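In what follows, a structure is listed as structure tokens, so that the remarks can point back to it.
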Amino acid sequence: MSVSDRIKKSMAQGSWVRKMFEEGASLKRRYGEENVFDLSLGNPVMEPPSEFHQELKRLVESSLPGMHRYMENAGYAETRAAVAIQLSLETGIKFTMNDVVMTCGAAGALNVVLKTILNEGDEVIVFAPYFPEYTNYIDNHGGIIRILPTDEQFIPRLDILETTIGARTKAVLINSPNNPSGAVYSEDFIRQLGELLSKKETQYETQIFLLSDEAYRKIIYDGRKYPQVWSHHQQSIVVTSHSKDLALPGERIGYIAVNPTCRQREELVGGLIHCNRTLGFVNAPALMQHIVSRLQSVTVPIDKYQKKRDFLYDHLIEMGYSVMKPRGAFYMFPESPLEDDVAFVRELQSWRVLTVPGRGFGTPGHFRISYCVDDRTLAGSLAGFQKTAEKFNIG
């Protein structure tokens with residue numbers, strides 16, 4: 001047998017996002033790409049900001065000696081220092097380069113963290129709806145995933161969390177702004193979460209890490225300020241990437257940031273650096289590290305995503321769909337008019353509109369729309385949404 005039983009099981013379960021991507025590719029071959037309205041994948045259509053191209057051109061025309069060689073497994077000192085300076089500005093907390101490890105995106109970062117902190121059988125709590133790869137990442141490193149529900153606004157239920165945390169709980173993983181719902185957790189929620197984790201640490205005499213996946217931290221709407229986790233729980237670790245805020249998903253560049261007040265911080269960061277190497281990442285891409293060190297305060301135009309959100313949200317509400325207005329990221333997570341969200345997604349597909357069933361994110365009865373697409377695709381999808389709404393009398 002060429003593939004292990006464990007991997008065969010994982011492959012069979014698969015990813016609904018990947019399934020819809022593959023079905024979308026088939027539809028595009030059949031009908032032409034311009035006649036398929038693909039809202040299934042969080043692959044930003046925006047190009048990187050002009051500052052990125054300026055930095056890339058500068059490095060190409062005036063290359064640094066040794067700029068493509070290995071560096072410290074944690075990343076270039078100047079890049080880590082630049083991240084630390086930006087974090088200090090954003091949070092009012094003093095970060096240094098020694099609190100930062102550069103990684104191959106947020107996915108690489110999360111795998112490095114989980115490898116570092118988990119013993120076999122340790123539990124990691126996540127909240128549905130959640131990014132589906134979390135289950136694989138936790139399983140990769142011998143952890144056990146515990147999935148808890150959220151309320152009608154997709155905010156975790158702290159009362160349920162309190163009764164779930166036990167002696168084997170090693171981490172609570174949050175994702176805000178959330179993929180797939182677009183929910184953004186409030187400062188008050190983060191404060192209460194931190195208090196609960198600290199109480200449980202005392203009760204069980206353990207360390208419980210608050211892992212915050214902040215890949216969409218800078219894509220936040222309506223003038224809101226992002227609530228930071230650092231001051232609310234000492235054992236906090238942030239993983240993030242520049243895939244979304246700089247529109248660089250294919251470049252795989254991100255970082256881990258550890259709370260400067262974290263207990264046993266030096267040992268923890270040492271473990272992160274070790275795992276960055278031994279997992280095979282070795283180091284984050286050198287060229288991207290050079291570039292993003294100068295772009296820590298730069299983002300794509302967030303107002304363009306907000307306009308896309310407003311356009312789609314207003315039309316869906318007018319058609320009769322039930323959907324929470326996203327506060328960040330670039331996804332919507334409407335309720336499915338059918339109890340069977342897969343059947344509803346198939347119905348949309350008959351109009352060549354591609355979305356992803358909510359069960360792929362641990363929340364059946366919903367479906368995810370990705371609106372980080374061109375305006376033509378958004379506008380073209382409306383007819384399919386309207387026809388499907390009419391068929392099921394939701395208007």
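Simple scheme: letters A, B, ... for chains in structure tokens order, numbers from 1 for residues in each chain, numbers from 1 for ligands in the order shown.
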DSSP helix (DSSP H, G or I) residues within segment 48-245 of chain A, listed as a ChimeraX atom specification: /A:50-61,77-91,97-99,105-117,133-140,158-164,187-204,230-232
From A:Glu51, A:Glu201, A:Glu34, A:Glu72, residue lying nearest Leu246 of chain A [only C-alpha atoms]: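 Answer, going by the shortest atom-to-atom distance: A:Glu51.
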Distance query Tyr137 of chain A at most 12 Å, only C-alpha atoms, self and fewer than 4 positions along chain excluded, as an mmCIF file with N, CA and C atoms, in the first residue's frame:
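Output file out31.cif is given in full below:
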data_model
loop_
_atom_site.group_PDB
_atom_site.id
_atom_site.type_symbol
_atom_site.label_atom_id
_atom_site.label_comp_id
_atom_site.auth_asym_id
_atom_site.auth_seq_id
_atom_site.Cartn_x
_atom_site.Cartn_y
_atom_site.Cartn_z
ATOM 1 N N SER A 10 -7.791 10.833 5.501
ATOM 2 C CA SER A 10 -7.798 12.286 5.352
ATOM 3 C C SER A 10 -8.138 12.693 3.927
ATOM 4 N N ALA A 106 0.930 31.782 7.125
ATOM 5 C CA ALA A 106 0.263 31.485 8.392
ATOM 6 C C ALA A 106 0.085 29.986 8.577
ATOM 7 N N ALA A 107 -0.082 29.242 7.488
ATOM 8 C CA ALA A 107 -0.223 27.790 7.596
ATOM 9 C C ALA A 107 1.061 27.170 8.127
ATOM 10 N N GLY A 108 2.192 27.584 7.561
ATOM 11 C CA GLY A 108 3.464 27.121 8.084
ATOM 12 C C GLY A 108 3.650 27.527 9.533
ATOM 13 N N ALA A 109 3.265 28.764 9.860
ATOM 14 C CA ALA A 109 3.401 29.264 11.222
ATOM 15 C C ALA A 109 2.606 28.424 12.207
ATOM 16 N N LEU A 110 1.369 28.102 11.841
ATOM 17 C CA LEU A 110 0.519 27.348 12.757
ATOM 18 C C LEU A 110 1.048 25.930 12.957
ATOM 19 N N ASN A 111 1.547 25.324 11.900
ATOM 20 C CA ASN A 111 2.141 23.991 12.046
ATOM 21 C C ASN A 111 3.381 24.030 12.932
ATOM 22 N N VAL A 112 4.177 25.067 12.807
ATOM 23 C CA VAL A 112 5.362 25.205 13.651
ATOM 24 C C VAL A 112 4.958 25.347 15.119
ATOM 25 N N VAL A 113 3.951 26.172 15.391
ATOM 26 C CA VAL A 113 3.502 26.371 16.775
ATOM 27 C C VAL A 113 2.966 25.070 17.355
ATOM 28 N N LEU A 114 2.097 24.394 16.612
ATOM 29 C CA LEU A 114 1.495 23.159 17.130
ATOM 30 C C LEU A 114 2.548 22.078 17.354
ATOM 31 N N LYS A 115 3.505 21.971 16.450
ATOM 32 C CA LYS A 115 4.592 21.006 16.626
ATOM 33 C C LYS A 115 5.369 21.311 17.903
ATOM 34 N N LEU A 118 2.628 20.845 21.362
ATOM 35 C CA LEU A 118 1.739 19.706 21.621
ATOM 36 C C LEU A 118 2.500 18.441 22.005
ATOM 37 N N VAL A 124 -6.700 20.703 21.422
ATOM 38 C CA VAL A 124 -6.775 22.067 20.901
ATOM 39 C C VAL A 124 -8.242 22.363 20.610
ATOM 40 N N VAL A 126 -11.177 24.550 18.932
ATOM 41 C CA VAL A 126 -11.494 25.487 17.856
ATOM 42 C C VAL A 126 -13.002 25.708 17.848
ATOM 43 N N PHE A 131 -11.629 27.386 9.684
ATOM 44 C CA PHE A 131 -10.840 27.055 8.509
ATOM 45 C C PHE A 131 -10.585 25.554 8.515
ATOM 46 N N PRO A 132 -11.021 24.824 7.473
ATOM 47 C CA PRO A 132 -11.040 23.359 7.555
ATOM 48 C C PRO A 132 -9.683 22.704 7.729
ATOM 49 N N GLU A 133 -8.603 23.353 7.307
ATOM 50 C CA GLU A 133 -7.292 22.732 7.450
ATOM 51 C C GLU A 133 -6.832 22.639 8.898
ATOM 52 N N HIS A 141 0.354 16.836 14.343
ATOM 53 C CA HIS A 141 1.280 16.900 15.468
ATOM 54 C C HIS A 141 0.753 16.187 16.712
ATOM 55 N N GLY A 142 -0.140 15.213 16.477
ATOM 56 C CA GLY A 142 -0.585 14.348 17.558
ATOM 57 C C GLY A 142 -1.624 14.944 18.473
ATOM 58 N N GLY A 143 -2.173 16.086 18.095
ATOM 59 C CA GLY A 143 -3.187 16.722 18.930
ATOM 60 C C GLY A 143 -4.577 16.174 18.659
ATOM 61 N N ILE A 144 -5.492 16.491 19.555
ATOM 62 C CA ILE A 144 -6.899 16.113 19.421
ATOM 63 C C ILE A 144 -7.705 17.404 19.305
ATOM 64 N N ILE A 145 -8.508 17.508 18.256
ATOM 65 C CA ILE A 145 -9.303 18.711 18.053
ATOM 66 C C ILE A 145 -10.623 18.600 18.791
ATOM 67 N N LEU A 173 -7.702 27.956 19.863
ATOM 68 C CA LEU A 173 -7.356 28.573 18.588
ATOM 69 C C LEU A 173 -8.522 29.430 18.105
#
Non-local contacts of Leu287 of chain A (12 Å; only C-alpha atoms; under 5 positions in same chain excluded) as a count of residues only: 23
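Take the candidates A:Gln234, A:Gln54, A:Asn73, A:Asn276 and check each one against Arg191 of chain A using only C-alpha atoms; the shortest distance goes to A:Gln234.
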Gap from atom CA of Phe127 of chain A to atom CA of Ile93 of chain A - Å, one decimal: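 Calculated distance between atom CA of Phe127 of chain A and atom CA of Ile93 of chain A is 27.8 Å.
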Point-to-point distance from atom CA of Ala167 of chain A to atom CA of Tyr204 of chain A, Å rounded to tenths: 5.7 Å
Top pick for closest residue to Ser370 of chain A, considering A:Gln153, A:Ser50, A:Thr355, A:Asn283 and counting only C-alpha atoms: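 Nearest candidate to Ser370 of chain A out of A:Gln153, A:Ser50, A:Thr355, A:Asn283: A:Thr355.
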Which residue of A:Ala183, A:Val258, A:Ala128, A:Met288 approaches Val323 of chain A most closely, using only C-alpha atoms: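 Of A:Ala183, A:Val258, A:Ala128, A:Met288, the one nearest Val323 of chain A is A:Ala183, counting only C-alpha atoms.
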Which residues of segment 40-89 of chain A come within 10 Å of segment 12-26 of chain A, and what is each one's closest atom pair and distance in Å (one decimal), counting only C-alpha atoms, sorted by chain and residue number, as JSON lines?
{"residue": "A:Ser40", "atom": "CA", "partner": "A:Val17", "partner_atom": "CA", "distance": 6.5}
{"residue": "A:Leu41", "atom": "CA", "partner": "A:Val17", "partner_atom": "CA", "distance": 6.7}
{"residue": "A:Gly42", "atom": "CA", "partner": "A:Val17", "partner_atom": "CA", "distance": 9.2}
Among the residues A:Ile165, A:Ala257, A:Ile147, A:Ile174, the one that comes closest to Ala81 of chain A [using only C-alpha atoms]: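 Closest to Ala81 of chain A of all the choices is A:Ala257.
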Point-to-point distance in Å for atom CA of Pro357 of chain A and atom CA of Asp340 of chain A: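 Taking atom CA of Asp340 of chain A as the start and atom CA of Pro357 of chain A as the end point, the length is 8.9 Å.
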Nearest to Leu272 of chain A by atom-to-atom distance, counting only C-alpha atoms, from A:Ile7, A:Phe361, A:Phe392, A:Thr116: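 Distance minimum relative to Leu272 of chain A lands on A:Thr116.
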Residue list (strand (DSSP E), DSSP) for segment 26-258 of chain A, as a PyMOL selection string: chain A and resi 37-38+100-103+123-127+144-148+169-175+209-213+236-241+254-258
10 Å contact set for Met324 of chain A, only C-alpha atoms, chain neighbours under 3 positions out, as a PyMOL selection string: chain A and resi 152-154+181-183+313+317+321+327+332-335
Keeping only N, CA and C atoms, write the selected residues to a file as a PDB file, in the first residue's frame.
ATOM      1  N   GLU A 152     -25.325  33.063  17.180  1.00  0.00           N
ATOM      2  CA  GLU A 152     -25.899  33.410  15.877  1.00  0.00           C
ATOM      3  C   GLU A 152     -25.061  34.460  15.137  1.00  0.00           C
ATOM      4  N   GLN A 153     -24.162  35.136  15.869  1.00  0.00           N
ATOM      5  CA  GLN A 153     -23.250  36.097  15.240  1.00  0.00           C
ATOM      6  C   GLN A 153     -21.866  35.491  15.012  1.00  0.00           C
ATOM      7  N   PHE A 154     -21.764  34.181  15.211  1.00  0.00           N
ATOM      8  CA  PHE A 154     -20.523  33.429  15.023  1.00  0.00           C
ATOM      9  C   PHE A 154     -19.434  33.812  16.028  1.00  0.00           C
ATOM     10  N   SER A 181     -16.895  33.333   8.157  1.00  0.00           N
ATOM     11  CA  SER A 181     -18.080  34.146   8.469  1.00  0.00           C
ATOM     12  C   SER A 181     -17.859  35.652   8.343  1.00  0.00           C
ATOM     13  N   GLY A 182     -16.600  36.105   8.421  1.00  0.00           N
ATOM     14  CA  GLY A 182     -16.333  37.540   8.446  1.00  0.00           C
ATOM     15  C   GLY A 182     -16.557  38.175   9.796  1.00  0.00           C
ATOM     16  N   ALA A 183     -16.852  37.364  10.831  1.00  0.00           N
ATOM     17  CA  ALA A 183     -17.047  37.906  12.181  1.00  0.00           C
ATOM     18  C   ALA A 183     -15.727  38.438  12.733  1.00  0.00           C
ATOM     19  N   TYR A 313     -23.666  42.116  -0.293  1.00  0.00           N
ATOM     20  CA  TYR A 313     -24.561  42.019   0.867  1.00  0.00           C
ATOM     21  C   TYR A 313     -25.914  42.673   0.568  1.00  0.00           C
ATOM     22  N   ILE A 317     -29.468  40.539   0.568  1.00  0.00           N
ATOM     23  CA  ILE A 317     -30.541  40.891   1.506  1.00  0.00           C
ATOM     24  C   ILE A 317     -31.815  41.232   0.743  1.00  0.00           C
ATOM     25  N   TYR A 321     -32.087  36.546   1.210  1.00  0.00           N
ATOM     26  CA  TYR A 321     -31.145  35.681   1.919  1.00  0.00           C
ATOM     27  C   TYR A 321     -30.915  36.202   3.339  1.00  0.00           C
ATOM     28  N   ARG A 327     -17.707  41.881   9.133  1.00  0.00           N
ATOM     29  CA  ARG A 327     -16.976  43.024   9.670  1.00  0.00           C
ATOM     30  C   ARG A 327     -15.506  43.008   9.261  1.00  0.00           C
ATOM     31  N   MET A 332     -18.605  35.846   3.037  1.00  0.00           N
ATOM     32  CA  MET A 332     -19.930  35.867   3.646  1.00  0.00           C
ATOM     33  C   MET A 332     -20.348  34.434   3.901  1.00  0.00           C
ATOM     34  N   PHE A 333     -21.228  34.267   4.900  1.00  0.00           N
ATOM     35  CA  PHE A 333     -21.629  32.922   5.298  1.00  0.00           C
ATOM     36  C   PHE A 333     -23.140  32.889   5.499  1.00  0.00           C
ATOM     37  N   PRO A 334     -23.909  33.017   4.398  1.00  0.00           N
ATOM     38  CA  PRO A 334     -25.369  33.059   4.525  1.00  0.00           C
ATOM     39  C   PRO A 334     -25.940  31.719   4.986  1.00  0.00           C
ATOM     40  N   GLU A 335     -27.157  31.789   5.523  1.00  0.00           N
ATOM     41  CA  GLU A 335     -27.894  30.564   5.805  1.00  0.00           C
ATOM     42  C   GLU A 335     -28.345  29.938   4.486  1.00  0.00           C
TER      43      GLU A 335
END
Near-Gly223 of chain A list (12 Å; only C-alpha atoms; drop same-chain fewer than 4 positions) as number ranges by chain: A: 218-219, 302-303, 306, 327-328
Mind checking which residues fall within 8 Å of Ser212 of chain A, counting only C-alpha atoms, ignoring those fewer than 2 positions away in the same chain, and posting them as a PDB file with N, CA and C atoms, in the first residue's frame?
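The result, written out as selection16.pdb:
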ATOM      1  N   LEU A 173      -7.702  27.956  19.863  1.00  0.00           N
ATOM      2  CA  LEU A 173      -7.356  28.573  18.588  1.00  0.00           C
ATOM      3  C   LEU A 173      -8.522  29.430  18.105  1.00  0.00           C
ATOM      4  N   ILE A 174      -8.251  30.720  17.941  1.00  0.00           N
ATOM      5  CA  ILE A 174      -9.279  31.634  17.443  1.00  0.00           C
ATOM      6  C   ILE A 174      -8.837  32.216  16.108  1.00  0.00           C
ATOM      7  N   ASN A 175      -9.816  32.668  15.332  1.00  0.00           N
ATOM      8  CA  ASN A 175      -9.566  33.227  14.008  1.00  0.00           C
ATOM      9  C   ASN A 175     -10.506  34.408  13.805  1.00  0.00           C
ATOM     10  N   SER A 176      -9.954  35.604  13.937  1.00  0.00           N
ATOM     11  CA  SER A 176     -10.741  36.830  13.800  1.00  0.00           C
ATOM     12  C   SER A 176      -9.863  37.884  13.121  1.00  0.00           C
ATOM     13  N   LEU A 210      -3.284  30.775  24.014  1.00  0.00           N
ATOM     14  CA  LEU A 210      -4.269  31.398  23.138  1.00  0.00           C
ATOM     15  C   LEU A 210      -3.577  31.607  21.796  1.00  0.00           C
ATOM     16  N   GLU A 214      -4.387  35.393  12.622  1.00  0.00           N
ATOM     17  CA  GLU A 214      -4.748  36.757  12.227  1.00  0.00           C
ATOM     18  C   GLU A 214      -4.387  37.058  10.774  1.00  0.00           C
ATOM     19  N   VAL A 229      -4.865  40.680  21.163  1.00  0.00           N
ATOM     20  CA  VAL A 229      -4.968  39.658  22.210  1.00  0.00           C
ATOM     21  C   VAL A 229      -3.919  39.836  23.304  1.00  0.00           C
ATOM     22  N   SER A 236      -0.043  34.056  24.945  1.00  0.00           N
ATOM     23  CA  SER A 236      -0.665  34.277  23.641  1.00  0.00           C
ATOM     24  C   SER A 236       0.389  34.256  22.539  1.00  0.00           C
ATOM     25  N   ILE A 237      -0.006  33.647  21.418  1.00  0.00           N
ATOM     26  CA  ILE A 237       0.846  33.547  20.238  1.00  0.00           C
ATOM     27  C   ILE A 237      -0.006  33.914  19.026  1.00  0.00           C
ATOM     28  N   VAL A 238       0.519  34.774  18.177  1.00  0.00           N
ATOM     29  CA  VAL A 238      -0.176  35.168  16.951  1.00  0.00           C
ATOM     30  C   VAL A 238       0.531  34.552  15.756  1.00  0.00           C
ATOM     31  N   VAL A 239      -0.253  33.984  14.843  1.00  0.00           N
ATOM     32  CA  VAL A 239       0.266  33.562  13.539  1.00  0.00           C
ATOM     33  C   VAL A 239      -0.446  34.390  12.475  1.00  0.00           C
TER      34      VAL A 239
END
